[in-house]
$ cat run-v7.tsv   # TSV, C-alpha atoms
chain	number	residue	atom	x	y	z
A	413	MET	CA	21.86	116.89	-41.08
A	414	SER	CA	24.23	113.96	-40.61
A	415	LEU	CA	25.09	111.54	-43.41
A	416	ARG	CA	23.28	108.65	-41.68
A	417	ALA	CA	20.16	110.78	-41.18
A	418	ALA	CA	20.23	111.90	-44.79
A	419	VAL	CA	20.41	108.38	-46.16
A	420	SER	CA	17.75	107.15	-43.68
A	421	THR	CA	15.40	109.92	-44.73
A	422	LEU	CA	15.82	109.11	-48.41
A	423	LYS	CA	15.14	105.38	-47.88
A	424	GLU	CA	11.61	106.00	-46.55
A	425	LYS	CA	8.53	105.25	-48.66
A	426	PRO	CA	8.58	106.88	-52.09
A	427	VAL	CA	7.31	110.41	-51.44
A	428	MET	CA	7.82	112.95	-54.19
A	429	LEU	CA	10.18	115.86	-53.69
A	430	ASN	CA	9.07	119.30	-54.73
A	431	LEU	CA	10.82	121.16	-57.46
A	432	PHE	CA	13.93	123.07	-56.25
A	433	GLN	CA	14.04	121.16	-52.92
A	434	HIS	CA	17.62	120.30	-51.91
A	435	LEU	CA	19.35	118.22	-49.26
A	436	SER	CA	22.62	118.87	-47.38
A	437	PHE	CA	24.66	116.69	-45.04
A	438	SER	CA	28.03	116.61	-43.26
A	439	LEU	CA	30.96	114.19	-43.71
A	440	GLY	CA	33.81	114.94	-41.29
A	441	ARG	CA	34.47	118.65	-41.52
A	442	ARG	CA	32.96	118.96	-44.99
A	443	THR	CA	29.36	119.81	-45.86
A	444	TYR	CA	27.86	118.53	-49.11
A	445	SER	CA	24.67	119.72	-50.82
A	446	LEU	CA	22.72	117.95	-53.51
A	447	PRO	CA	21.62	120.41	-56.19
A	448	SER	CA	18.01	121.43	-56.70
A	449	MET	CA	16.17	119.03	-58.97
A	450	SER	CA	12.81	118.26	-60.42
A	451	VAL	CA	10.45	115.58	-59.10
A	452	VAL	CA	12.21	112.28	-58.23
A	453	HIS	CA	11.54	109.31	-56.00
A	454	ARG	CA	13.44	109.19	-52.68
A	455	PRO	CA	14.92	105.69	-53.20
A	456	PHE	CA	16.46	106.84	-56.45
A	457	LEU	CA	17.84	109.94	-54.74
A	458	ALA	CA	19.34	107.72	-52.01
A	459	PHE	CA	21.12	105.73	-54.70
A	460	CYS	CA	22.47	108.93	-56.23
A	461	LEU	CA	23.63	110.13	-52.82
A	462	LEU	CA	25.58	106.95	-52.06
A	463	SER	CA	27.13	107.01	-55.54
A	464	PHE	CA	28.17	110.60	-54.95
A	465	LEU	CA	29.85	109.67	-51.66
A	466	LEU	CA	31.94	106.98	-53.30
A	467	CYS	CA	33.51	109.66	-55.45
A	468	ALA	CA	33.76	112.34	-52.73
A	469	PRO	CA	37.32	113.16	-51.62
A	470	VAL	CA	38.30	111.76	-48.22
A	471	PRO	CA	40.52	114.07	-46.18
A	472	ALA	CA	44.00	112.72	-45.39
A	473	GLN	CA	44.36	111.26	-41.92
A	474	THR	CA	46.73	113.06	-39.59
A	475	VAL	CA	49.67	111.20	-38.05
A	476	SER	CA	51.83	112.75	-35.36
A	477	PHE	CA	54.74	111.72	-33.15
A	478	ARG	CA	56.22	112.61	-29.80
A	479	ASP	CA	59.57	114.36	-29.62
A	480	PRO	CA	62.26	111.87	-30.63
A	481	ILE	CA	64.38	109.76	-28.28
A	482	HIS	CA	68.09	110.01	-29.18
A	483	LEU	CA	70.13	106.78	-29.05
A	484	PRO	CA	73.89	107.01	-29.76
A	485	THR	CA	75.35	104.47	-32.20
A	486	GLY	CA	78.66	103.64	-33.80
A	487	ASN	CA	80.08	105.40	-36.83
A	488	HIS	CA	77.79	105.76	-39.85
A	489	PRO	CA	74.72	103.77	-38.73
A	490	GLY	CA	73.11	102.29	-41.83
A	491	HIS	CA	70.59	99.49	-41.59
A	492	ILE	CA	68.30	99.03	-38.56
A	493	THR	CA	66.19	96.02	-37.60
A	494	ALA	CA	63.58	95.66	-34.84
A	495	ALA	CA	63.14	92.22	-33.20
A	496	ASP	CA	62.74	90.69	-29.75
A	497	ILE	CA	66.17	89.24	-28.99
A	498	ASN	CA	65.91	88.74	-25.21
A	499	HIS	CA	62.60	86.87	-24.88
A	500	ASP	CA	60.71	89.60	-22.99
A	501	GLY	CA	58.10	90.13	-25.70
A	502	TYR	CA	59.24	93.70	-26.46
A	503	PRO	CA	60.91	94.77	-29.73
A	504	ASP	CA	64.60	95.62	-29.50
A	505	LEU	CA	66.84	97.47	-31.95
A	506	LEU	CA	69.84	96.22	-33.93
A	507	ILE	CA	71.90	98.81	-35.80
A	508	ALA	CA	74.58	98.10	-38.40
A	509	ASN	CA	77.39	100.65	-38.07
A	510	ALA	CA	78.75	100.61	-41.60
A	511	ASP	CA	82.04	102.38	-40.86
A	512	GLY	CA	82.38	101.15	-37.30
A	513	ALA	CA	82.64	97.41	-38.00
A	514	SER	CA	80.06	96.77	-35.29
A	515	ILE	CA	76.43	96.13	-34.37
A	516	THR	CA	74.80	98.33	-31.72
A	517	VAL	CA	72.13	96.57	-29.65
A	518	TYR	CA	69.38	98.39	-27.72
A	519	LEU	CA	66.88	96.51	-25.53
A	520	GLY	CA	63.33	97.87	-25.43
A	521	ASP	CA	61.41	98.11	-22.14
A	522	GLY	CA	57.93	97.97	-23.68
A	523	LYS	CA	57.25	101.57	-22.61
A	524	GLY	CA	59.12	103.31	-25.41
A	525	GLY	CA	62.47	103.36	-23.63
A	526	PHE	CA	65.74	101.64	-24.55
A	527	THR	CA	69.00	100.67	-22.82
A	528	GLN	CA	72.12	99.47	-24.56
A	529	ALA	CA	72.70	95.74	-24.07
A	530	LYS	CA	75.68	94.42	-22.19
A	531	GLY	CA	78.53	93.85	-24.64
A	532	SER	CA	77.14	96.34	-27.16
A	533	PRO	CA	78.43	97.31	-29.63
A	534	VAL	CA	79.27	93.85	-30.97
A	535	THR	CA	82.54	94.00	-32.92
A	536	GLY	CA	84.22	91.80	-35.51
A	537	VAL	CA	81.71	92.44	-38.33
A	538	GLU	CA	83.29	94.32	-41.21
A	539	HIS	CA	81.14	96.93	-43.02
A	540	PRO	CA	77.73	95.53	-41.97
A	541	CYS	CA	75.00	96.58	-44.40
A	542	ASP	CA	71.91	94.52	-43.45
A	543	ILE	CA	70.70	92.37	-40.54
A	544	ALA	CA	68.48	89.28	-40.55
A	545	VAL	CA	67.29	87.53	-37.39
A	546	GLY	CA	66.77	83.78	-36.88
A	547	ASP	CA	67.76	80.83	-34.69
A	548	PHE	CA	70.64	79.34	-36.67
A	549	ASN	CA	71.99	76.93	-34.04
A	550	SER	CA	68.63	75.55	-32.88
A	551	ASN	CA	68.96	76.57	-29.22
A	552	GLY	CA	65.88	78.78	-29.10
A	553	ASN	CA	67.72	82.10	-29.00
A	554	PRO	CA	67.63	84.66	-31.82
A	555	ASP	CA	70.87	84.92	-33.81
A	556	LEU	CA	71.96	87.42	-36.47
A	557	ALA	CA	73.11	87.08	-40.07
A	558	VAL	CA	75.01	90.10	-41.38
A	559	PRO	CA	76.46	90.67	-44.89
A	560	SER	CA	79.54	92.85	-45.38
A	561	HIS	CA	79.40	95.58	-47.98
A	562	GLY	CA	82.42	95.57	-50.27
A	563	LEU	CA	83.53	92.13	-49.05
A	564	LYS	CA	82.51	88.59	-49.99
A	565	LEU	CA	81.59	87.84	-46.39
A	566	VAL	CA	78.59	86.99	-44.21
A	567	SER	CA	78.88	86.90	-40.41
A	568	ILE	CA	76.72	84.77	-38.13
A	569	LEU	CA	76.36	86.13	-34.59
A	570	LEU	CA	74.99	83.66	-32.04
A	571	GLY	CA	72.71	85.16	-29.40
A	572	ASP	CA	72.67	84.32	-25.69
A	573	GLY	CA	69.00	85.24	-25.31
A	574	LYS	CA	69.88	88.27	-23.17
A	575	GLY	CA	71.03	90.69	-25.87
A	576	GLY	CA	74.61	89.47	-26.19
A	577	PHE	CA	76.18	88.02	-29.36
A	578	THR	CA	79.38	86.20	-30.34
A	579	LEU	CA	80.70	85.15	-33.72
A	580	ALA	CA	79.75	81.59	-34.71
A	581	PRO	CA	82.50	79.05	-35.48
A	582	GLY	CA	83.85	79.69	-38.98
A	583	SER	CA	82.38	83.17	-39.08
A	584	PRO	CA	82.72	85.45	-40.93
A	585	MET	CA	82.34	83.01	-43.81
A	586	ALA	CA	83.33	83.57	-47.42
A	587	VAL	CA	80.45	83.63	-49.91
A	588	GLU	CA	80.40	83.47	-53.70
A	589	SER	CA	78.56	86.75	-54.17
A	590	ASN	CA	79.59	88.79	-57.18
A	591	PRO	CA	80.93	91.33	-56.37
A	592	HIS	CA	79.64	91.40	-52.77
A	593	PRO	CA	76.30	91.19	-50.93
A	594	HIS	CA	74.01	94.06	-49.96
A	595	GLY	CA	70.91	92.36	-48.55
A	596	ILE	CA	70.07	89.20	-46.64
A	597	ALA	CA	66.93	87.27	-45.68
A	598	VAL	CA	66.27	84.17	-43.59
A	599	ALA	CA	63.85	81.22	-43.93
A	600	ASP	CA	63.79	77.43	-44.22
A	601	PHE	CA	63.82	77.16	-48.01
A	602	ASN	CA	64.35	73.38	-48.33
A	603	GLY	CA	62.01	72.12	-45.63
A	604	ASP	CA	64.62	70.47	-43.38
A	605	LYS	CA	63.60	72.60	-40.36
A	606	LYS	CA	66.97	74.37	-40.41
A	607	LEU	CA	67.17	78.04	-41.27
A	608	ASP	CA	68.84	79.07	-44.53
A	609	ILE	CA	69.92	82.48	-45.78
A	610	VAL	CA	69.70	84.20	-49.15
A	611	ILE	CA	71.91	87.05	-50.37
A	612	ASP	CA	72.28	88.91	-53.64
A	613	SER	CA	74.91	88.27	-56.28
A	614	TRP	CA	73.80	91.32	-58.16
A	615	ALA	CA	76.53	91.66	-60.82
A	616	GLU	CA	75.49	88.31	-62.32
A	617	ASN	CA	71.73	88.88	-61.89
A	618	LYS	CA	71.33	86.08	-59.39
A	619	LEU	CA	70.44	85.35	-55.78
A	620	LEU	CA	72.53	82.95	-53.71
A	621	VAL	CA	70.85	80.58	-51.22
A	622	LEU	CA	73.07	79.11	-48.50
A	623	TYR	CA	71.58	76.10	-46.70
A	624	GLY	CA	71.97	75.92	-42.94
A	625	ASN	CA	73.28	72.95	-40.96
A	626	GLY	CA	71.30	73.85	-37.85
A	627	ASP	CA	74.41	74.45	-35.73
A	628	GLY	CA	75.25	78.00	-36.78
A	629	THR	CA	77.22	76.91	-39.85
A	630	PHE	CA	76.22	76.63	-43.50
A	631	ALA	CA	77.03	74.44	-46.47
A	632	PRO	CA	80.22	75.78	-48.08
A	633	LYS	CA	78.60	76.30	-51.47
A	634	GLY	CA	75.10	77.48	-52.07
A	635	VAL	CA	72.78	77.45	-55.07
A	636	LYS	CA	72.24	80.45	-57.34
A	637	PHE	CA	68.91	81.42	-58.91
A	638	ASP	CA	68.29	83.79	-61.81
A	639	VAL	CA	66.33	86.99	-61.20
A	640	GLY	CA	66.12	90.33	-63.04
A	641	LYS	CA	69.02	92.61	-63.84
A	642	TRP	CA	70.96	93.95	-60.86
A	643	PRO	CA	69.09	92.79	-57.74
A	644	TYR	CA	70.95	95.50	-55.87
A	645	GLN	CA	68.76	96.40	-52.84
A	646	ARG	CA	67.27	94.40	-51.01
A	647	VAL	CA	66.32	90.75	-50.90
A	648	ARG	CA	63.48	89.76	-48.55
A	649	SER	CA	61.47	86.62	-47.75
A	650	ALA	CA	57.78	85.99	-47.03
A	651	ASP	CA	55.00	83.61	-48.05
A	652	MET	CA	53.61	85.46	-51.06
A	653	ASN	CA	51.14	82.86	-52.37
A	654	GLY	CA	49.63	81.46	-49.17
A	655	ASP	CA	50.96	77.91	-49.44
A	656	GLY	CA	52.85	78.04	-46.15
A	657	ILE	CA	56.23	77.87	-47.93
A	658	PRO	CA	58.64	80.83	-47.81
A	659	ASP	CA	59.29	82.72	-51.03
A	660	ILE	CA	61.97	85.25	-51.98
A	661	ILE	CA	61.43	88.81	-53.22
A	662	THR	CA	63.95	91.22	-54.74
A	663	SER	CA	63.95	94.45	-56.71
A	664	ASN	CA	65.99	94.65	-59.92
A	665	ILE	CA	67.28	98.17	-60.44
A	666	THR	CA	68.42	97.90	-64.08
A	667	SER	CA	65.52	95.85	-65.49
A	668	SER	CA	62.92	97.93	-63.57
A	669	SER	CA	61.18	94.91	-62.14
A	670	VAL	CA	60.46	92.97	-58.97
A	671	THR	CA	61.18	89.24	-58.97
A	672	VAL	CA	59.30	86.81	-56.76
A	673	LEU	CA	60.80	83.33	-56.44
A	674	LEU	CA	57.97	81.06	-55.32
A	675	GLY	CA	59.41	78.29	-53.17
A	676	ASN	CA	58.43	74.63	-53.52
A	677	GLY	CA	59.61	73.73	-50.01
A	678	LYS	CA	62.40	71.53	-51.34
A	679	GLY	CA	64.92	74.21	-52.22
A	680	GLY	CA	63.54	74.99	-55.68
A	681	PHE	CA	61.77	78.09	-56.95
A	682	ASP	CA	59.50	79.28	-59.74
A	683	ARG	CA	60.28	82.77	-60.98
A	684	LYS	CA	57.74	85.54	-61.59
A	685	ASP	CA	58.73	89.05	-62.66
A	686	THR	CA	56.53	92.15	-62.40
A	687	PRO	CA	57.46	95.40	-64.18
A	688	VAL	CA	57.64	98.56	-62.06
A	689	PRO	CA	58.76	102.16	-62.67
A	690	ASP	CA	62.45	102.93	-63.16
A	691	ALA	CA	65.14	102.23	-60.54
A	692	PRO	CA	63.40	100.03	-57.94
A	693	PHE	CA	65.58	99.95	-54.84
A	694	GLY	CA	64.44	99.04	-51.31
A	695	ILE	CA	61.38	96.83	-50.73
A	696	ALA	CA	59.06	96.02	-47.83
A	697	ILE	CA	56.29	93.44	-47.48
A	698	GLY	CA	52.90	94.16	-45.89
A	699	ASP	CA	49.15	94.00	-46.40
A	700	PHE	CA	48.51	97.60	-47.40
A	701	ASN	CA	44.86	97.26	-48.43
A	702	GLY	CA	43.48	94.88	-45.81
A	703	ASP	CA	42.64	92.00	-48.17
A	704	HIS	CA	44.84	89.55	-46.21
A	705	HIS	CA	47.26	89.11	-49.12
A	706	PRO	CA	50.87	90.35	-48.91
A	707	ASP	CA	51.73	93.37	-51.04
A	708	VAL	CA	55.09	94.91	-51.90
A	709	ALA	CA	56.19	98.51	-51.29
A	710	VAL	CA	59.04	99.62	-53.54
A	711	CYS	CA	61.08	102.79	-53.19
A	712	HIS	CA	62.79	104.10	-56.31
A	713	TYR	CA	66.24	105.64	-56.27
A	714	SER	CA	68.84	106.06	-59.03
A	715	GLY	CA	71.71	105.08	-56.75
A	716	GLN	CA	73.26	108.52	-57.24
A	717	GLY	CA	72.60	111.15	-54.59
A	718	PHE	CA	72.69	114.01	-57.10
A	719	ASP	CA	69.99	112.45	-59.33
A	720	ALA	CA	66.47	112.88	-57.95
A	721	SER	CA	64.72	112.05	-61.22
A	722	LYS	CA	63.86	108.47	-60.22
A	723	ASP	CA	62.86	109.11	-56.60
A	724	GLY	CA	59.43	107.73	-55.71
A	725	LEU	CA	57.32	105.01	-54.09
A	726	SER	CA	55.30	102.26	-55.79
A	727	VAL	CA	53.02	99.56	-54.44
A	728	LEU	CA	52.38	96.14	-55.95
A	729	TRP	CA	49.05	94.61	-54.95
A	730	GLY	CA	49.26	90.88	-54.35
A	731	ASN	CA	46.39	88.52	-55.19
A	732	GLY	CA	47.54	85.83	-52.76
A	733	LYS	CA	48.68	83.58	-55.58
A	734	GLY	CA	52.04	85.17	-56.29
A	735	ASN	CA	50.77	87.62	-58.92
A	736	PHE	CA	50.92	91.40	-58.59
A	737	THR	CA	49.47	94.55	-60.15
A	738	LEU	CA	50.91	98.03	-59.90
A	739	GLU	CA	48.96	100.54	-57.80
A	740	LYS	CA	47.40	103.29	-59.86
A	741	GLY	CA	49.39	106.49	-59.46
A	742	SER	CA	52.72	104.75	-58.87
A	743	PRO	CA	55.32	106.07	-58.40
A	744	PHE	CA	54.11	108.42	-55.67
A	745	HIS	CA	56.11	111.49	-54.75
A	746	VAL	CA	58.56	111.23	-51.86
A	747	GLY	CA	61.66	113.19	-50.86
A	748	HIS	CA	65.20	113.00	-52.24
A	749	TYR	CA	67.26	109.78	-51.91
A	750	PRO	CA	64.65	107.28	-50.61
A	751	SER	CA	66.89	104.22	-50.50
A	752	MET	CA	64.87	102.13	-48.03
A	753	VAL	CA	61.27	101.51	-47.00
A	754	ALA	CA	59.50	99.85	-44.06
A	755	ALA	CA	55.99	98.59	-43.28
A	756	GLY	CA	53.90	98.64	-40.10
A	757	ASP	CA	50.52	99.75	-38.74
A	758	ILE	CA	51.25	103.35	-37.73
A	759	ASN	CA	47.67	104.51	-37.18
A	760	GLY	CA	46.39	101.34	-35.49
A	761	ASP	CA	43.60	100.56	-37.96
A	762	GLY	CA	44.74	96.99	-38.63
A	763	ILE	CA	46.13	97.77	-42.09
A	764	ALA	CA	49.86	98.14	-42.75
A	765	ASP	CA	51.28	101.57	-43.57
A	766	ILE	CA	54.52	102.64	-45.25
A	767	ALA	CA	57.42	104.84	-44.10
A	768	VAL	CA	60.24	106.05	-46.34
A	769	PRO	CA	63.37	107.89	-45.10
A	770	ASN	CA	64.49	110.62	-47.50
A	771	ASN	CA	68.22	110.88	-46.86
A	772	MET	CA	69.07	114.17	-48.55
A	773	ASP	CA	65.89	115.96	-47.46
A	774	ASN	CA	66.21	114.97	-43.79
A	775	THR	CA	62.59	113.85	-43.81
A	776	ILE	CA	60.38	110.77	-43.60
A	777	SER	CA	57.39	110.26	-45.89
A	778	VAL	CA	54.46	108.32	-44.40
A	779	PHE	CA	51.73	106.70	-46.50
A	780	LEU	CA	48.71	105.14	-44.84
A	781	GLY	CA	47.29	101.92	-46.20
A	782	GLY	CA	43.56	101.48	-46.74
A	783	LYS	CA	40.98	99.39	-48.55
A	784	ASN	CA	41.04	101.86	-51.46
A	785	GLY	CA	44.82	102.14	-51.70
A	786	ILE	CA	47.55	104.18	-50.05
A	787	LYS	CA	47.39	107.88	-49.23
A	788	GLU	CA	50.07	110.16	-47.86
A	789	ALA	CA	49.39	111.07	-44.24
A	790	LYS	CA	48.55	114.64	-43.33
A	791	GLY	CA	51.71	116.26	-42.00
A	792	SER	CA	54.01	114.11	-44.15
A	793	PRO	CA	56.90	114.46	-44.84
A	794	PHE	CA	58.15	114.72	-41.25
A	795	HIS	CA	61.46	116.38	-40.45
A	796	VAL	CA	64.04	114.23	-38.66
A	797	GLY	CA	67.81	114.43	-38.01
A	798	ARG	CA	70.60	114.59	-40.54
A	799	GLY	CA	70.90	111.89	-43.18
A	800	PRO	CA	68.07	109.45	-42.36
A	801	GLU	CA	69.14	106.20	-44.02
A	802	SER	CA	67.15	103.24	-42.70
A	803	ILE	CA	63.94	102.82	-40.75
A	804	ALA	CA	62.26	100.12	-38.65
A	805	LEU	CA	58.62	100.06	-37.56
A	806	ALA	CA	57.42	98.30	-34.40
A	807	ASP	CA	55.15	98.97	-31.43
A	808	PHE	CA	57.72	100.07	-28.85
A	809	ASN	CA	55.22	101.16	-26.17
A	810	ARG	CA	52.45	98.56	-26.61
A	811	ASP	CA	49.69	101.00	-27.56
A	812	GLY	CA	48.67	99.15	-30.72
A	813	LYS	CA	50.40	101.59	-33.07
A	814	ALA	CA	53.71	101.12	-34.84
A	815	ASP	CA	56.45	103.56	-33.87
A	816	LEU	CA	59.46	104.62	-35.94
A	817	ALA	CA	63.18	104.09	-35.38
A	818	VAL	CA	65.43	105.91	-37.86
A	819	THR	CA	69.19	105.82	-38.35
A	820	ASP	CA	70.85	109.19	-38.92
A	821	LEU	CA	74.08	108.74	-40.82
A	822	ASP	CA	75.45	112.22	-40.18
A	823	ASP	CA	74.60	112.36	-36.47
A	824	ASN	CA	75.68	108.80	-35.58
A	825	GLU	CA	72.47	108.10	-33.73
A	826	VAL	CA	69.05	106.51	-33.93
A	827	LEU	CA	65.93	108.61	-33.45
A	828	VAL	CA	62.89	106.84	-31.99
A	829	PHE	CA	59.53	108.48	-32.76
A	830	ILE	CA	56.65	107.24	-30.63
A	831	THR	CA	53.33	107.59	-32.44
A	832	LYS	CA	50.74	109.70	-30.63
$ encode --input "run-v7.tsv" --output "structure tokens"
Amino acid sequence: MSLRAAVSTLKEKPVMLNLFQHLSFSLGRRTYSLPSMSVVHRPFLAFCLLSFLLCAPVPAQTVSFRDPIHLPTGNHPGHITAADINHDGYPDLLIANADGASITVYLGDGKGGFTQAKGSPVTGVEHPCDIAVGDFNSNGNPDLAVPSHGLKLVSILLGDGKGGFTLAPGSPMAVESNPHPHGIAVADFNGDKKLDIVIDSWAENKLLVLYGNGDGTFAPKGVKFDVGKWPYQRVRSADMNGDGIPDIITSNITSSSVTVLLGNGKGGFDRKDTPVPDAPFGIAIGDFNGDHHPDVAVCHYSGQGFDASKDGLSVLWGNGKGNFTLEKGSPFHVGHYPSMVAAGDINGDGIADIAVPNNMDNTISVFLGGKNGIKEAKGSPFHVGRGPESIALADFNRDGKADLAVTDLDDNEVLVFITK
């Protein structure tokens, strides 16, 4: 008997069941039986059945991918970003080659294929470690903002709308980040309709906001805002409280917290800290439970490849007002060295999912979002190339499901996994 038939039968007029009579039904591949019982009314039994189902285990959903597409990059590809940079409506790929002083650009064809853009790789960017996309010179074309690891520099690359980029006047520009920036995010934080950038100044427990002039340049000195201890990896921006004003989010590795700076639209912020398990590292924003409020995925990593004791994944549930609660069961188990995390709808159910590259395991862990929380996908972790470092999720073939693009440090390439 099916579940629907079982419940329908039990909701009929109250007929008494005989002693020792039992009822069985199927849910997916599982069959459940209610135990024999003495005389009860059917409506009451229906209530018991539905209560039982709420507690019944739900099998993990399977996720699978096609064989990967191999895209060569520069030396030591670290961060990867997916965005439409040539106005064709298809996501493209931007890869920061940490030891190659360059950005590799691949243009997507909307069918899961990629070709390297003319002029790629883009040179003149020392030790790029993150990439943010925005129109900094107000000409309608996407530009790039790139921090330099180990240097007090940020480079602005102006886009031509076709996949080509050139350094903006005065770029790379010196920034007062102590000792140097790791992450970068873009938004209009002061409401002047000109994009600004925010980077970390992690050694002094602050974030640095640099206000844009709208012509590809920025005010020479920015404003610093206090956060938790060591906002090391990575700063991001989104509207976390639904007021239409961009906010700033960062993890704080030493104080084991996530800071949300709620923007007032005039360049000011109100700080809220939420405690999380030890060593929060990379973060990603998405609605992982379908309640239409942004949540935060946090991967945990000690910062030392030999120490796997802190490795894990946590989720902070947002209430739409800038407050967060830690998901029960956090941190969840992942592989070794999960330094970054990404969000996207991998299974096409309308709820964001989570992907974590595990660098020293050569795997990717996938967790599916749902109304009752996250659950690791059946088949996860998935084996990839050597040294997966960063990951981007986007629908590369327009089938309604997010696909995966992963940088492999040791192979100097990007692997694109199209979701089946």
$ residues_around --input "run-v7.tsv" --residues "Phe601 of chain A" --least-positions-apart "5" --cutoff "8 Å" --atoms "all atoms listed in the file" --output "list in words"
Leu607, Asp608, Tyr623, Ile657, Pro658, Asp659, Gly675, Gly677, Lys678, Gly679 and Gly680 of chain A
$ write_last_selection --input "run-v7.tsv" --atoms "C-alpha atoms" --output "tab-separated table (two decimals), keeping the file's coordinate frame"
chain	number	residue	atom	x	y	z
A	607	LEU	CA	67.17	78.04	-41.27
A	608	ASP	CA	68.84	79.07	-44.53
A	623	TYR	CA	71.58	76.10	-46.70
A	657	ILE	CA	56.23	77.87	-47.93
A	658	PRO	CA	58.64	80.83	-47.81
A	659	ASP	CA	59.29	82.72	-51.03
A	675	GLY	CA	59.41	78.29	-53.17
A	677	GLY	CA	59.61	73.73	-50.01
A	678	LYS	CA	62.40	71.53	-51.34
A	679	GLY	CA	64.92	74.21	-52.22
A	680	GLY	CA	63.54	74.99	-55.68
$ atom_distance --input "run-v7.tsv" --atom1 "atom CA of Ile830 of chain A" --atom2 "atom CA of Leu506 of chain A"
17.5 Å
$ closest_residue --input "run-v7.tsv" --among "A:Ala767, A:Leu556, A:Ile543, A:Ala817" --to "Pro750 of chain A" --atoms "all atoms listed in the file"
A:Ala767
$ atom_distance --input "run-v7.tsv" --atom1 "atom CA of Ala580 of chain A" --atom2 "atom CA of Glu825 of chain A"
27.5 Å
$ closest_residue --input "run-v7.tsv" --among "A:Lys684, A:Lys733, A:Lys740, A:Lys832" --to "Asn809 of chain A" --atoms "all atoms listed in the file"
A:Lys832
$ atom_distance --input "run-v7.tsv" --atom1 "atom CA of Leu519 of chain A" --atom2 "atom CA of Thr819 of chain A"
16.0 Å
$ closest_residue --input "run-v7.tsv" --among "A:Gly782, A:Pro533, A:Gly573, A:Pro769" --to "Asp500 of chain A" --atoms "all atoms listed in the file"
A:Gly573
$ residues_around --input "run-v7.tsv" --residues "segment 717-728 of chain A" --least-positions-apart "6" --cutoff "8 Å" --atoms "all atoms listed in the file" --output "number ranges by chain"
A: 688-691, 707-711, 736-739, 742-750, 772
$ closest_residue --input "run-v7.tsv" --among "A:Gly575, A:Pro484, A:Gly756, A:Ile568" --to "Val517 of chain A" --atoms "only C-alpha atoms"
A:Gly575
$ closest_residue --input "run-v7.tsv" --among "A:Lys605, A:Lys618, A:Lys530, A:Arg646" --to "Asp542 of chain A" --atoms "all atoms listed in the file"
A:Arg646
$ residues_around --input "run-v7.tsv" --residues "segment 660-674 of chain A" --least-positions-apart "2" --cutoff "8 Å" --atoms "all atoms listed in the file" --output "compact mmCIF listing (two decimals) with C-alpha atoms, keeping the file's coordinate frame"
# COMPACT_ATOMS: atom_id res chain seq x y z
CA VAL A 639 66.33 86.99 -61.20
CA GLY A 640 66.12 90.33 -63.04
CA LYS A 641 69.02 92.61 -63.84
CA TRP A 642 70.96 93.95 -60.86
CA PRO A 643 69.09 92.79 -57.74
CA TYR A 644 70.95 95.50 -55.87
CA GLN A 645 68.76 96.40 -52.84
CA ARG A 646 67.27 94.40 -51.01
CA VAL A 647 66.32 90.75 -50.90
CA ARG A 648 63.48 89.76 -48.55
CA SER A 649 61.47 86.62 -47.75
CA ALA A 650 57.78 85.99 -47.03
CA MET A 652 53.61 85.46 -51.06
CA ASN A 653 51.14 82.86 -52.37
CA PRO A 658 58.64 80.83 -47.81
CA ASN A 676 58.43 74.63 -53.52
CA PHE A 681 61.77 78.09 -56.95
CA ASP A 682 59.50 79.28 -59.74
CA ARG A 683 60.28 82.77 -60.98
CA LYS A 684 57.74 85.54 -61.59
CA ASP A 685 58.73 89.05 -62.66
CA THR A 686 56.53 92.15 -62.40
CA PRO A 687 57.46 95.40 -64.18
CA VAL A 688 57.64 98.56 -62.06
CA PRO A 689 58.76 102.16 -62.67
CA ASP A 690 62.45 102.93 -63.16
CA ALA A 691 65.14 102.23 -60.54
CA PRO A 692 63.40 100.03 -57.94
CA PHE A 693 65.58 99.95 -54.84
CA GLY A 694 64.44 99.04 -51.31
CA ILE A 695 61.38 96.83 -50.73
CA VAL A 710 59.04 99.62 -53.54
CA GLY A 734 52.04 85.17 -56.29
$ closest_residue --input "run-v7.tsv" --among "A:Gly654, A:Gly531, A:Gly730, A:Gly624" --to "Asp703 of chain A" --atoms "only C-alpha atoms"
A:Gly730
$ decode --input "run-v7.tsv" --residues "segment 611-617 of chain A" --atoms "N, CA and C atoms" --output "mmCIF file, in the first residue's frame"
data_model
loop_
_atom_site.group_PDB
_atom_site.id
_atom_site.type_symbol
_atom_site.label_atom_id
_atom_site.label_comp_id
_atom_site.auth_asym_id
_atom_site.auth_seq_id
_atom_site.Cartn_x
_atom_site.Cartn_y
_atom_site.Cartn_z
ATOM 1 N N ILE A 611 38.226 45.015 1.964
ATOM 2 C CA ILE A 611 39.261 43.998 2.120
ATOM 3 C C ILE A 611 39.531 43.800 3.607
ATOM 4 N N ASP A 612 40.267 42.739 3.920
ATOM 5 C CA ASP A 612 40.612 42.489 5.314
ATOM 6 C C ASP A 612 41.906 43.191 5.683
ATOM 7 N N SER A 613 41.989 43.568 6.946
ATOM 8 C CA SER A 613 43.239 44.008 7.561
ATOM 9 C C SER A 613 43.388 43.154 8.816
ATOM 10 N N TRP A 614 43.648 41.873 8.574
ATOM 11 C CA TRP A 614 43.385 40.852 9.584
ATOM 12 C C TRP A 614 44.279 40.947 10.822
ATOM 13 N N ALA A 615 45.511 41.434 10.679
ATOM 14 C CA ALA A 615 46.409 41.478 11.835
ATOM 15 C C ALA A 615 45.965 42.485 12.887
ATOM 16 N N GLU A 616 45.125 43.452 12.500
ATOM 17 C CA GLU A 616 44.604 44.418 13.461
ATOM 18 C C GLU A 616 43.107 44.229 13.709
ATOM 19 N N ASN A 617 42.569 43.077 13.287
ATOM 20 C CA ASN A 617 41.174 42.719 13.566
ATOM 21 C C ASN A 617 40.191 43.742 13.004
#
